[in-house]
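Text of the file model.pdb, holding PDB, N, CA and C atoms:
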ATOM      1  N   MET A  10      -9.743  16.157  -1.647
ATOM      2  CA  MET A  10      -8.576  16.393  -0.847
ATOM      3  C   MET A  10      -8.880  16.110   0.617
ATOM      4  N   ILE A  11      -7.921  15.566   1.315
ATOM      5  CA  ILE A  11      -8.098  15.218   2.720
ATOM      6  C   ILE A  11      -7.846  16.442   3.591
ATOM      7  N   ASP A  12      -8.759  16.699   4.505
ATOM      8  CA  ASP A  12      -8.613  17.807   5.454
ATOM      9  C   ASP A  12      -7.448  17.504   6.390
ATOM     10  N   PRO A  13      -6.422  18.356   6.449
ATOM     11  CA  PRO A  13      -5.265  18.080   7.299
ATOM     12  C   PRO A  13      -5.604  18.036   8.789
ATOM     13  N   ASN A  14      -6.750  18.596   9.182
ATOM     14  CA  ASN A  14      -7.155  18.583  10.588
ATOM     15  C   ASN A  14      -8.042  17.394  10.939
ATOM     16  N   MET A  15      -8.345  16.556   9.938
ATOM     17  CA  MET A  15      -9.197  15.395  10.162
ATOM     18  C   MET A  15      -8.467  14.390  11.051
ATOM     19  N   LYS A  16      -9.156  13.885  12.056
ATOM     20  CA  LYS A  16      -8.559  12.882  12.928
ATOM     21  C   LYS A  16      -8.625  11.527  12.235
ATOM     22  N   THR A  17      -7.475  10.888  12.143
ATOM     23  CA  THR A  17      -7.405   9.584  11.499
ATOM     24  C   THR A  17      -6.632   8.618  12.378
ATOM     25  N   LEU A  18      -6.764   7.354  12.085
ATOM     26  CA  LEU A  18      -6.042   6.306  12.777
ATOM     27  C   LEU A  18      -4.853   5.916  11.911
ATOM     28  N   GLY A  19      -3.651   5.989  12.468
ATOM     29  CA  GLY A  19      -2.453   5.620  11.732
ATOM     30  C   GLY A  19      -2.040   4.190  12.026
ATOM     31  N   LEU A  20      -1.046   3.718  11.304
ATOM     32  CA  LEU A  20      -0.560   2.350  11.488
ATOM     33  C   LEU A  20      -0.124   2.084  12.927
ATOM     34  N   ARG A  21       0.464   3.079  13.575
ATOM     35  CA  ARG A  21       0.938   2.897  14.953
ATOM     36  C   ARG A  21      -0.208   2.746  15.949
ATOM     37  N   GLU A  22      -1.356   3.315  15.627
ATOM     38  CA  GLU A  22      -2.508   3.218  16.528
ATOM     39  C   GLU A  22      -3.391   2.013  16.225
ATOM     40  N   MET A  23      -3.188   1.397  15.085
ATOM     41  CA  MET A  23      -4.012   0.256  14.691
ATOM     42  C   MET A  23      -3.614  -0.995  15.467
ATOM     43  N   HIS A  24      -4.568  -1.873  15.637
ATOM     44  CA  HIS A  24      -4.296  -3.173  16.255
ATOM     45  C   HIS A  24      -3.380  -3.952  15.305
ATOM     46  N   PRO A  25      -2.430  -4.720  15.833
ATOM     47  CA  PRO A  25      -1.530  -5.492  14.968
ATOM     48  C   PRO A  25      -2.246  -6.371  13.946
ATOM     49  N   MET A  26      -3.410  -6.901  14.312
ATOM     50  CA  MET A  26      -4.161  -7.724  13.357
ATOM     51  C   MET A  26      -4.680  -6.880  12.202
ATOM     52  N   GLN A  27      -5.054  -5.608  12.475
ATOM     53  CA  GLN A  27      -5.504  -4.715  11.412
ATOM     54  C   GLN A  27      -4.359  -4.398  10.459
ATOM     55  N   VAL A  28      -3.187  -4.132  11.015
ATOM     56  CA  VAL A  28      -2.018  -3.826  10.186
ATOM     57  C   VAL A  28      -1.672  -5.026   9.317
ATOM     58  N   LYS A  29      -1.663  -6.222   9.919
ATOM     59  CA  LYS A  29      -1.342  -7.439   9.157
ATOM     60  C   LYS A  29      -2.338  -7.649   8.018
ATOM     61  N   CYS A  30      -3.614  -7.478   8.310
ATOM     62  CA  CYS A  30      -4.654  -7.662   7.292
ATOM     63  C   CYS A  30      -4.480  -6.643   6.158
ATOM     64  N   LEU A  31      -4.201  -5.394   6.509
ATOM     65  CA  LEU A  31      -3.976  -4.357   5.502
ATOM     66  C   LEU A  31      -2.779  -4.707   4.629
ATOM     67  N   MET A  32      -1.668  -5.113   5.250
ATOM     68  CA  MET A  32      -0.463  -5.447   4.488
ATOM     69  C   MET A  32      -0.682  -6.693   3.624
ATOM     70  N   ASP A  33      -1.431  -7.653   4.135
ATOM     71  CA  ASP A  33      -1.768  -8.831   3.324
ATOM     72  C   ASP A  33      -2.580  -8.433   2.100
ATOM     73  N   PHE A  34      -3.532  -7.522   2.294
ATOM     74  CA  PHE A  34      -4.360  -7.049   1.189
ATOM     75  C   PHE A  34      -3.513  -6.336   0.137
ATOM     76  N   VAL A  35      -2.633  -5.450   0.600
ATOM     77  CA  VAL A  35      -1.748  -4.726  -0.320
ATOM     78  C   VAL A  35      -0.868  -5.719  -1.083
ATOM     79  N   GLY A  36      -0.315  -6.693  -0.365
ATOM     80  CA  GLY A  36       0.530  -7.698  -1.013
ATOM     81  C   GLY A  36      -0.228  -8.505  -2.050
ATOM     82  N   THR A  37      -1.454  -8.887  -1.723
ATOM     83  CA  THR A  37      -2.277  -9.652  -2.668
ATOM     84  C   THR A  37      -2.598  -8.820  -3.903
ATOM     85  N   ALA A  38      -2.927  -7.544  -3.713
ATOM     86  CA  ALA A  38      -3.229  -6.668  -4.851
ATOM     87  C   ALA A  38      -2.017  -6.544  -5.769
ATOM     88  N   ILE A  39      -0.838  -6.399  -5.174
ATOM     89  CA  ILE A  39       0.386  -6.278  -5.983
ATOM     90  C   ILE A  39       0.672  -7.585  -6.717
ATOM     91  N   GLU A  40       0.502  -8.713  -6.043
ATOM     92  CA  GLU A  40       0.725 -10.016  -6.696
ATOM     93  C   GLU A  40      -0.230 -10.224  -7.863
ATOM     94  N   LEU A  41      -1.496  -9.859  -7.675
ATOM     95  CA  LEU A  41      -2.469 -10.001  -8.763
ATOM     96  C   LEU A  41      -2.118  -9.088  -9.933
ATOM     97  N   ALA A  42      -1.710  -7.855  -9.627
ATOM     98  CA  ALA A  42      -1.318  -6.922 -10.695
ATOM     99  C   ALA A  42      -0.095  -7.448 -11.436
ATOM    100  N   ALA A  43       0.861  -7.989 -10.704
ATOM    101  CA  ALA A  43       2.059  -8.542 -11.343
ATOM    102  C   ALA A  43       1.692  -9.731 -12.226
ATOM    103  N   GLY A  44       0.711 -10.506 -11.792
ATOM    104  CA  GLY A  44       0.275 -11.674 -12.540
ATOM    105  C   GLY A  44      -0.378 -11.351 -13.873
ATOM    106  N   THR A  45      -0.819 -10.116 -14.049
ATOM    107  CA  THR A  45      -1.437  -9.742 -15.327
ATOM    108  C   THR A  45      -0.392  -9.604 -16.427
ATOM    109  N   GLY A  46       0.865  -9.379 -16.011
ATOM    110  CA  GLY A  46       1.920  -9.176 -16.997
ATOM    111  C   GLY A  46       1.886  -7.795 -17.624
ATOM    112  N   ASN A  47       1.014  -6.937 -17.136
ATOM    113  CA  ASN A  47       0.864  -5.592 -17.670
ATOM    114  C   ASN A  47       1.597  -4.618 -16.744
ATOM    115  N   GLU A  48       2.679  -4.028 -17.229
ATOM    116  CA  GLU A  48       3.508  -3.121 -16.417
ATOM    117  C   GLU A  48       2.714  -1.927 -15.906
ATOM    118  N   LYS A  49       1.824  -1.356 -16.734
ATOM    119  CA  LYS A  49       1.037  -0.194 -16.316
ATOM    120  C   LYS A  49       0.124  -0.565 -15.150
ATOM    121  N   THR A  50      -0.511  -1.713 -15.216
ATOM    122  CA  THR A  50      -1.385  -2.159 -14.130
ATOM    123  C   THR A  50      -0.594  -2.303 -12.838
ATOM    124  N   LEU A  51       0.570  -2.907 -12.923
ATOM    125  CA  LEU A  51       1.414  -3.085 -11.745
ATOM    126  C   LEU A  51       1.811  -1.732 -11.165
ATOM    127  N   ARG A  52       2.212  -0.803 -12.003
ATOM    128  CA  ARG A  52       2.628   0.525 -11.522
ATOM    129  C   ARG A  52       1.452   1.302 -10.940
ATOM    130  N   ASP A  53       0.259   1.134 -11.519
ATOM    131  CA  ASP A  53      -0.935   1.796 -10.967
ATOM    132  C   ASP A  53      -1.252   1.269  -9.570
ATOM    133  N   VAL A  54      -1.185  -0.047  -9.402
ATOM    134  CA  VAL A  54      -1.444  -0.649  -8.089
ATOM    135  C   VAL A  54      -0.349  -0.238  -7.102
ATOM    136  N   GLU A  55       0.884  -0.216  -7.561
ATOM    137  CA  GLU A  55       1.991   0.217  -6.711
ATOM    138  C   GLU A  55       1.754   1.655  -6.215
ATOM    139  N   ALA A  56       1.362   2.544  -7.103
ATOM    140  CA  ALA A  56       1.127   3.944  -6.738
ATOM    141  C   ALA A  56      -0.021   4.069  -5.738
ATOM    142  N   SER A  57      -1.091   3.314  -5.950
ATOM    143  CA  SER A  57      -2.230   3.354  -5.029
ATOM    144  C   SER A  57      -1.850   2.806  -3.659
ATOM    145  N   ALA A  58      -1.125   1.699  -3.648
ATOM    146  CA  ALA A  58      -0.689   1.104  -2.384
ATOM    147  C   ALA A  58       0.266   2.041  -1.648
ATOM    148  N   ASP A  59       1.160   2.667  -2.387
ATOM    149  CA  ASP A  59       2.114   3.606  -1.799
ATOM    150  C   ASP A  59       1.384   4.769  -1.136
ATOM    151  N   GLU A  60       0.421   5.329  -1.831
ATOM    152  CA  GLU A  60      -0.346   6.452  -1.288
ATOM    153  C   GLU A  60      -1.125   6.033  -0.041
ATOM    154  N   LEU A  61      -1.757   4.870  -0.086
ATOM    155  CA  LEU A  61      -2.532   4.373   1.051
ATOM    156  C   LEU A  61      -1.649   4.220   2.283
ATOM    157  N   ILE A  62      -0.521   3.562   2.133
ATOM    158  CA  ILE A  62       0.362   3.319   3.269
ATOM    159  C   ILE A  62       0.920   4.638   3.811
ATOM    160  N   GLN A  63       1.258   5.568   2.936
ATOM    161  CA  GLN A  63       1.761   6.864   3.399
ATOM    162  C   GLN A  63       0.675   7.659   4.129
ATOM    163  N   LEU A  64      -0.560   7.577   3.641
ATOM    164  CA  LEU A  64      -1.668   8.258   4.315
ATOM    165  C   LEU A  64      -1.877   7.728   5.729
ATOM    166  N   LEU A  65      -1.507   6.484   5.957
ATOM    167  CA  LEU A  65      -1.661   5.873   7.277
ATOM    168  C   LEU A  65      -0.396   5.997   8.116
ATOM    169  N   GLY A  66       0.561   6.790   7.644
ATOM    170  CA  GLY A  66       1.752   7.055   8.428
ATOM    171  C   GLY A  66       2.927   6.142   8.165
ATOM    172  N   GLY A  67       2.825   5.275   7.177
ATOM    173  CA  GLY A  67       3.927   4.379   6.842
ATOM    174  C   GLY A  67       4.902   5.034   5.881
ATOM    175  N   LYS A  68       5.942   4.302   5.565
ATOM    176  CA  LYS A  68       6.976   4.819   4.666
ATOM    177  C   LYS A  68       6.616   4.671   3.200
ATOM    178  N   GLY A  69       5.626   3.851   2.896
ATOM    179  CA  GLY A  69       5.206   3.669   1.516
ATOM    180  C   GLY A  69       5.521   2.282   1.006
ATOM    181  N   VAL A  70       5.308   2.095  -0.285
ATOM    182  CA  VAL A  70       5.476   0.801  -0.940
ATOM    183  C   VAL A  70       6.268   1.001  -2.220
ATOM    184  N   ARG A  71       7.188   0.105  -2.483
ATOM    185  CA  ARG A  71       7.942   0.134  -3.736
ATOM    186  C   ARG A  71       8.025  -1.286  -4.263
ATOM    187  N   VAL A  72       7.744  -1.460  -5.538
ATOM    188  CA  VAL A  72       7.795  -2.772  -6.184
ATOM    189  C   VAL A  72       9.021  -2.823  -7.071
ATOM    190  N   GLU A  73       9.821  -3.871  -6.907
ATOM    191  CA  GLU A  73      10.962  -4.109  -7.784
ATOM    192  C   GLU A  73      10.675  -5.356  -8.596
ATOM    193  N   VAL A  74      10.806  -5.234  -9.908
ATOM    194  CA  VAL A  74      10.552  -6.352 -10.805
ATOM    195  C   VAL A  74      11.877  -7.029 -11.108
ATOM    196  N   GLU A  75      11.946  -8.336 -10.832
ATOM    197  CA  GLU A  75      13.145  -9.118 -11.126
ATOM    198  C   GLU A  75      12.953  -9.824 -12.452
ATOM    199  N   GLU A  76      13.936  -9.745 -13.290
ATOM    200  CA  GLU A  76      13.905 -10.437 -14.570
ATOM    201  C   GLU A  76      14.311 -11.896 -14.353
ATOM    202  N   ASP A  77      13.648 -12.801 -15.058
ATOM    203  CA  ASP A  77      13.983 -14.234 -14.951
ATOM    204  C   ASP A  77      15.244 -14.554 -15.693
TER
END

Translate this structure into C-alpha coordinates?
Amino acid sequence: MIDPNMKTLGLREMHPMQVKCLMDFVGTAIELAAGTGNEKTLRDVEASADELIQLLGGKGVRVEVEED
(Lines of atoms letter the chains of each structure in order from A and count residues from 1; the text may use other names and numbers.)
(Lines give C-alpha, C1' and ligand atoms only; values in the text may rest on other atoms or scores of the structure.)
Protein backbone atom coordinates (compact mmCIF):
# COMPACT_ATOMS: atom_id res chain seq x y z
CA MET A 1 0.00 0.00 0.00
CA ILE A 2 1.19 3.50 -0.80
CA ASP A 3 1.82 5.81 2.15
CA PRO A 4 -0.57 8.77 1.71
CA ASN A 5 2.11 11.11 3.13
CA MET A 6 4.74 9.99 0.61
CA LYS A 7 5.92 12.82 -1.61
CA THR A 8 5.40 11.97 -5.25
CA LEU A 9 5.65 13.71 -8.59
CA GLY A 10 2.32 14.10 -10.38
CA LEU A 11 1.56 14.62 -14.05
CA ARG A 12 1.29 18.39 -13.51
CA GLU A 13 4.79 18.55 -12.04
CA MET A 14 6.38 16.33 -14.68
CA HIS A 15 8.23 17.71 -17.66
CA PRO A 16 6.04 17.59 -20.81
CA MET A 17 8.48 15.14 -22.40
CA GLN A 18 8.07 12.79 -19.41
CA VAL A 19 4.28 12.95 -19.69
CA LYS A 20 4.42 12.29 -23.44
CA CYS A 21 6.76 9.33 -22.97
CA LEU A 22 4.52 7.88 -20.24
CA MET A 23 1.39 8.27 -22.38
CA ASP A 24 3.17 6.75 -25.39
CA PHE A 25 4.16 3.77 -23.24
CA VAL A 26 0.61 3.32 -21.94
CA GLY A 27 -0.74 3.57 -25.50
CA THR A 28 1.75 1.01 -26.78
CA ALA A 29 0.91 -1.41 -23.95
CA ILE A 30 -2.80 -1.11 -24.73
CA GLU A 31 -2.21 -1.60 -28.47
CA LEU A 32 -0.12 -4.71 -27.83
CA ALA A 33 -2.76 -6.11 -25.46
CA ALA A 34 -5.48 -5.42 -28.03
CA GLY A 35 -3.37 -7.16 -30.66
CA THR A 36 -3.43 -10.41 -28.70
CA GLY A 37 -7.16 -10.71 -29.31
CA ASN A 38 -7.56 -11.78 -25.68
CA GLU A 39 -10.21 -9.66 -23.91
CA LYS A 40 -8.88 -10.53 -20.42
CA THR A 41 -5.37 -9.38 -21.34
CA LEU A 42 -6.72 -6.11 -22.70
CA ARG A 43 -8.82 -5.50 -19.58
CA ASP A 44 -5.86 -6.33 -17.30
CA VAL A 45 -3.65 -3.82 -19.13
CA GLU A 46 -6.47 -1.27 -19.09
CA ALA A 47 -6.85 -1.67 -15.30
CA SER A 48 -3.10 -1.33 -14.71
CA ALA A 49 -2.84 1.73 -16.95
CA ASP A 50 -5.88 3.29 -15.28
CA GLU A 51 -4.39 2.80 -11.82
CA LEU A 52 -1.00 4.18 -12.89
CA ILE A 53 -2.45 7.33 -14.42
CA GLN A 54 -4.73 7.93 -11.42
CA LEU A 55 -1.80 7.48 -9.02
CA LEU A 56 -0.03 10.26 -10.92
CA GLY A 57 -3.00 12.59 -10.60
CA GLY A 58 -4.67 11.97 -13.96
CA LYS A 59 -8.27 11.09 -14.66
CA GLY A 60 -7.46 7.52 -15.66
CA VAL A 61 -7.69 5.38 -18.78
CA ARG A 62 -10.65 3.72 -20.45
CA VAL A 63 -10.50 1.43 -23.49
CA GLU A 64 -13.45 1.15 -25.84
CA VAL A 65 -13.47 -1.77 -28.25
CA GLU A 66 -15.03 -1.06 -31.64
CA GLU A 67 -16.51 -3.96 -33.54
CA ASP A 68 -15.55 -4.23 -37.23

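One distance worth recording is that between atom N of Arg71 (chain A) and CA of Asp59 (chain A), which is 6.2 Å.
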
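Counting only N, CA and C atoms, Glu60 (chain A) has the following residues at most 7 Å away, ignoring those fewer than 5 positions along the same chain: Glu55, Leu65, Gly69 and Val70 of chain A.
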
Export of prior selection with N, CA and C atoms as an mmCIF file, keeping the file's coordinate frame:
data_model
loop_
_atom_site.group_PDB
_atom_site.id
_atom_site.type_symbol
_atom_site.label_atom_id
_atom_site.label_comp_id
_atom_site.auth_asym_id
_atom_site.auth_seq_id
_atom_site.Cartn_x
_atom_site.Cartn_y
_atom_site.Cartn_z
ATOM 1 N N GLU A 55 0.884 -0.216 -7.561
ATOM 2 C CA GLU A 55 1.991 0.217 -6.711
ATOM 3 C C GLU A 55 1.754 1.655 -6.215
ATOM 4 N N LEU A 65 -1.507 6.484 5.957
ATOM 5 C CA LEU A 65 -1.661 5.873 7.277
ATOM 6 C C LEU A 65 -0.396 5.997 8.116
ATOM 7 N N GLY A 69 5.626 3.851 2.896
ATOM 8 C CA GLY A 69 5.206 3.669 1.516
ATOM 9 C C GLY A 69 5.521 2.282 1.006
ATOM 10 N N VAL A 70 5.308 2.095 -0.285
ATOM 11 C CA VAL A 70 5.476 0.801 -0.940
ATOM 12 C C VAL A 70 6.268 1.001 -2.220
#

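Excluding Ala43 (chain A) and any residue on its chain fewer than 2 positions from it, the residues at most 12 Å away by only C-alpha atoms are Gly36, Thr37, Ala38, Ile39, Glu40, Leu41, Thr45, Gly46, Asn47, Glu48, Lys49, Thr50, Leu51, Arg52, Asp53, Val54, Glu55, Val72, Glu73, Val74 and Glu75 of chain A.
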
Take the residues from that selection and put them in a file with N, CA and C atoms, as a PDB file, in the frame of the given file.
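result-v9.pdb was written with the following content:
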ATOM      1  N   GLY A  36      -0.315  -6.693  -0.365  1.00  0.00           N
ATOM      2  CA  GLY A  36       0.530  -7.698  -1.013  1.00  0.00           C
ATOM      3  C   GLY A  36      -0.228  -8.505  -2.050  1.00  0.00           C
ATOM      4  N   THR A  37      -1.454  -8.887  -1.723  1.00  0.00           N
ATOM      5  CA  THR A  37      -2.277  -9.652  -2.668  1.00  0.00           C
ATOM      6  C   THR A  37      -2.598  -8.820  -3.903  1.00  0.00           C
ATOM      7  N   ALA A  38      -2.927  -7.544  -3.713  1.00  0.00           N
ATOM      8  CA  ALA A  38      -3.229  -6.668  -4.851  1.00  0.00           C
ATOM      9  C   ALA A  38      -2.017  -6.544  -5.769  1.00  0.00           C
ATOM     10  N   ILE A  39      -0.838  -6.399  -5.174  1.00  0.00           N
ATOM     11  CA  ILE A  39       0.386  -6.278  -5.983  1.00  0.00           C
ATOM     12  C   ILE A  39       0.672  -7.585  -6.717  1.00  0.00           C
ATOM     13  N   GLU A  40       0.502  -8.713  -6.043  1.00  0.00           N
ATOM     14  CA  GLU A  40       0.725 -10.016  -6.696  1.00  0.00           C
ATOM     15  C   GLU A  40      -0.230 -10.224  -7.863  1.00  0.00           C
ATOM     16  N   LEU A  41      -1.496  -9.859  -7.675  1.00  0.00           N
ATOM     17  CA  LEU A  41      -2.469 -10.001  -8.763  1.00  0.00           C
ATOM     18  C   LEU A  41      -2.118  -9.088  -9.933  1.00  0.00           C
ATOM     19  N   THR A  45      -0.819 -10.116 -14.049  1.00  0.00           N
ATOM     20  CA  THR A  45      -1.437  -9.742 -15.327  1.00  0.00           C
ATOM     21  C   THR A  45      -0.392  -9.604 -16.427  1.00  0.00           C
ATOM     22  N   GLY A  46       0.865  -9.379 -16.011  1.00  0.00           N
ATOM     23  CA  GLY A  46       1.920  -9.176 -16.997  1.00  0.00           C
ATOM     24  C   GLY A  46       1.886  -7.795 -17.624  1.00  0.00           C
ATOM     25  N   ASN A  47       1.014  -6.937 -17.136  1.00  0.00           N
ATOM     26  CA  ASN A  47       0.864  -5.592 -17.670  1.00  0.00           C
ATOM     27  C   ASN A  47       1.597  -4.618 -16.744  1.00  0.00           C
ATOM     28  N   GLU A  48       2.679  -4.028 -17.229  1.00  0.00           N
ATOM     29  CA  GLU A  48       3.508  -3.121 -16.417  1.00  0.00           C
ATOM     30  C   GLU A  48       2.714  -1.927 -15.906  1.00  0.00           C
ATOM     31  N   LYS A  49       1.824  -1.356 -16.734  1.00  0.00           N
ATOM     32  CA  LYS A  49       1.037  -0.194 -16.316  1.00  0.00           C
ATOM     33  C   LYS A  49       0.124  -0.565 -15.150  1.00  0.00           C
ATOM     34  N   THR A  50      -0.511  -1.713 -15.216  1.00  0.00           N
ATOM     35  CA  THR A  50      -1.385  -2.159 -14.130  1.00  0.00           C
ATOM     36  C   THR A  50      -0.594  -2.303 -12.838  1.00  0.00           C
ATOM     37  N   LEU A  51       0.570  -2.907 -12.923  1.00  0.00           N
ATOM     38  CA  LEU A  51       1.414  -3.085 -11.745  1.00  0.00           C
ATOM     39  C   LEU A  51       1.811  -1.732 -11.165  1.00  0.00           C
ATOM     40  N   ARG A  52       2.212  -0.803 -12.003  1.00  0.00           N
ATOM     41  CA  ARG A  52       2.628   0.525 -11.522  1.00  0.00           C
ATOM     42  C   ARG A  52       1.452   1.302 -10.940  1.00  0.00           C
ATOM     43  N   ASP A  53       0.259   1.134 -11.519  1.00  0.00           N
ATOM     44  CA  ASP A  53      -0.935   1.796 -10.967  1.00  0.00           C
ATOM     45  C   ASP A  53      -1.252   1.269  -9.570  1.00  0.00           C
ATOM     46  N   VAL A  54      -1.185  -0.047  -9.402  1.00  0.00           N
ATOM     47  CA  VAL A  54      -1.444  -0.649  -8.089  1.00  0.00           C
ATOM     48  C   VAL A  54      -0.349  -0.238  -7.102  1.00  0.00           C
ATOM     49  N   GLU A  55       0.884  -0.216  -7.561  1.00  0.00           N
ATOM     50  CA  GLU A  55       1.991   0.217  -6.711  1.00  0.00           C
ATOM     51  C   GLU A  55       1.754   1.655  -6.215  1.00  0.00           C
ATOM     52  N   VAL A  72       7.744  -1.460  -5.538  1.00  0.00           N
ATOM     53  CA  VAL A  72       7.795  -2.772  -6.184  1.00  0.00           C
ATOM     54  C   VAL A  72       9.021  -2.823  -7.071  1.00  0.00           C
ATOM     55  N   GLU A  73       9.821  -3.871  -6.907  1.00  0.00           N
ATOM     56  CA  GLU A  73      10.962  -4.109  -7.784  1.00  0.00           C
ATOM     57  C   GLU A  73      10.675  -5.356  -8.596  1.00  0.00           C
ATOM     58  N   VAL A  74      10.806  -5.234  -9.908  1.00  0.00           N
ATOM     59  CA  VAL A  74      10.552  -6.352 -10.805  1.00  0.00           C
ATOM     60  C   VAL A  74      11.877  -7.029 -11.108  1.00  0.00           C
ATOM     61  N   GLU A  75      11.946  -8.336 -10.832  1.00  0.00           N
ATOM     62  CA  GLU A  75      13.145  -9.118 -11.126  1.00  0.00           C
ATOM     63  C   GLU A  75      12.953  -9.824 -12.452  1.00  0.00           C
TER      64      GLU A  75
END

* **One-decimal distance in Å that lies between atom N of Leu64 (chain A) and atom C of Asn14 (chain A)** => 14.3 Å

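Coordinates place CA of Leu61 (chain A) at a distance of 27.1 Å from CA of Glu76 (chain A).
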
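All residues of protein, DNA or RNA that reach within 7 Å of Gly66 (chain A), judged by only N, CA and C atoms and not counting those fewer than 3 positions away in the chain, are Leu18, Gly19, Leu20, Arg21, Leu61, Ile62, Gln63 and Gly69 of chain A.
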
* chain A: which residues are alpha helix (DSSP H) by DSSP, as an MDAnalysis selection string? -> chainID A and resid 25:44 48:64
